[in-house]
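K.L.:
I'd like to ask some things about the structure below.
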Amino acid sequence: MNLVVQPASAEQAAEAARLSGALAVEPAGARAFRLREAAATPGVLAYCGAQRLDWALRPEGLRFAGLKLLAMDMDSTLITIECIDELGDLAGKKAEISAITAQAMRGEIDYAESLERRVGMLKGLSVEALQRVYDDRLRLTPGAEQLVAACRKHGVKLLLVSGGFTFFTDRLQRRLGLDFTLANNLGMADGRLTGELAGDIVDGTAKAAFFRVLGRAGRETVAIGDGANDLPMMALAGTSVAFRAKPLVQEKADCALNYAGLDGVLALFE
């Protein structure tokens with residue numbers, strides 16, 4: 001097994017190699033290093049924690065160019081915000097909505113029920129608020145464009161699957177050239193949100209089902225998420241990545257990125 005550490009300096013990589021008993025150190029990307037035939041010893045794990053380095057044990061020979069599908073969550077993964085929380089801010093209810101979002105992401109309450117409650121709090125909000133959030137508050141996560149570009153280069157299909165809303169996923173699909181998207185539809189009437197959803201709810205089960213429908217479940221796939229509703233999909237992937245994720249998700253994922261950007265996913269492959 002190889003140990004990938006990032007974002008690291010050459011000096012930090014050398015120390016991690018010493019502590020892990022690695023046979024060799026090689027660059028794996030911008031501020032990323034692959035430690036060949038290394039062990040996740042208590043010493044190297046403590047060092048990575050103290051130095052704020054992400055680490056991941058990876059099998060030999062996994063190549064990014066060999067992937068078929070990369071799926072990722074939207075809110076707090078591809079983008080830096082939770083769109084529903086920002087809509088809640090414009091509705092004067094951010095604190096209440098954000099608290100429910102956090103509970104849902106930690107897996108403490110049912111996602112579908114939590115979404116219906118939060119959307120209900122948006123009743124009467126002008127549809128124009130959606131565009132305001134997209135224009136003024138939505139930002140891509142650092143490294144997102146590099147990851148998307150690598151997928152385009154190597155022919156890896158991109159899936160954006162979200163418990164958020166089609167208003168945002170549709171625009172990101174056009175902007176980034178994503179292959180597939182799945183998200184919830186907000187009910188609208190007379191230029192305002194109805195406080196209801198139109199169509200079936202996209203929860204963790206729906207995310208996993210769509211991932212499976214694409215026929216891609218297996219070794220040649222990656223799934224990236226941060227919340228409990230991403231876990232069913234992540235369980236189907238060849239490599240699951242917890243990105244700035246809740247503790248439950250980090251425990252179950254193959255790899256966790258807490259300090260590197262989304263381009264850190266590239267370093268997990270050769």
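Chain identifiers are assigned as A, B, and so on, following the order in which chains appear in the structure tokens; residues are numbered from 1 within each chain, and ligands are numbered from 1 in order of appearance.
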Please provide the set of residues having any atom within 9 Å of region 68-85 of chain A, restricted to only C-alpha atoms, with same-chain residues fewer than 2 positions apart removed, written as a ChimeraX atom specification.

P.N.:
/A:65-66,87-90,93-98,101,118-119,122,130,133-134,137-142,144,151,155-165,168-169,211,216-217,220-227,230,233-234,237,243-245,262

K.L.:
Extract, using only C-alpha atoms, all DNA, RNA and protein residues at most 6 Å from region 32-36 of chain A, discarding same-chain residues fewer than 4 positions from it, and format them as a list in words.

P.N.:
Asn2, Leu3, Val4, Val5, Gln6, Pro7, Ala8, Ala22, Leu23, Ala24, Val25, Glu26, Pro27 and Ala28 of chain A

K.L.:
Step one, run DSSP on the backbone; step two, keep only residues of region 84-215 of chain A assigned to strand (DSSP E); then write them as a ChimeraX atom specification.

P.N.:
/A:157-165,180-189,192-198

K.L.:
Can you tell me how far CA of Gly177 (chain A) sits from CA of Leu266 (chain A), in Å to one decimal?

P.N.:
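Distance reported for this atom pair: 18.6 Å.
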
K.L.:
What separation in Å, quoted to one decimal, exists between CA of Gln103 (chain A) and CA of Asn185 (chain A)?

P.N.:
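Those two atoms sit 21.8 Å apart.
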
K.L.:
When you count only C-alpha atoms, which of these residues is closest to Gly218 (chain A): A:Ala267, A:Leu186, A:Met121, A:Leu67?

P.N.:
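Ranked by minimum distance to Gly218 (chain A), first place goes to A:Leu67.
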
K.L.:
Per DSSP on the backbone, what are the helix (DSSP H, G or I) residues of region 52-256 of chain A, as a PyMOL selection string?

P.N.:
chain A and resi 64-66+74-78+83-90+94-105+111-120+128-136+144-154+166-176+204-213+228-236+247-252

K.L.:
Would you mind telling me which residue in A:Lys123, A:Arg117, A:Arg106, A:Arg63 lies nearest to His154 (chain A) when using only C-alpha atoms?

P.N.:
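Distance minimum relative to His154 (chain A) lands on A:Arg63.
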
K.L.:
Go through A:Glu116, A:Gly143, A:Arg175, A:Ser20 one by one, measure the shortest atom-to-atom distance of each to Leu257 (chain A) using only C-alpha atoms, and give the residue with the smallest value.

P.N.:
A:Gly143
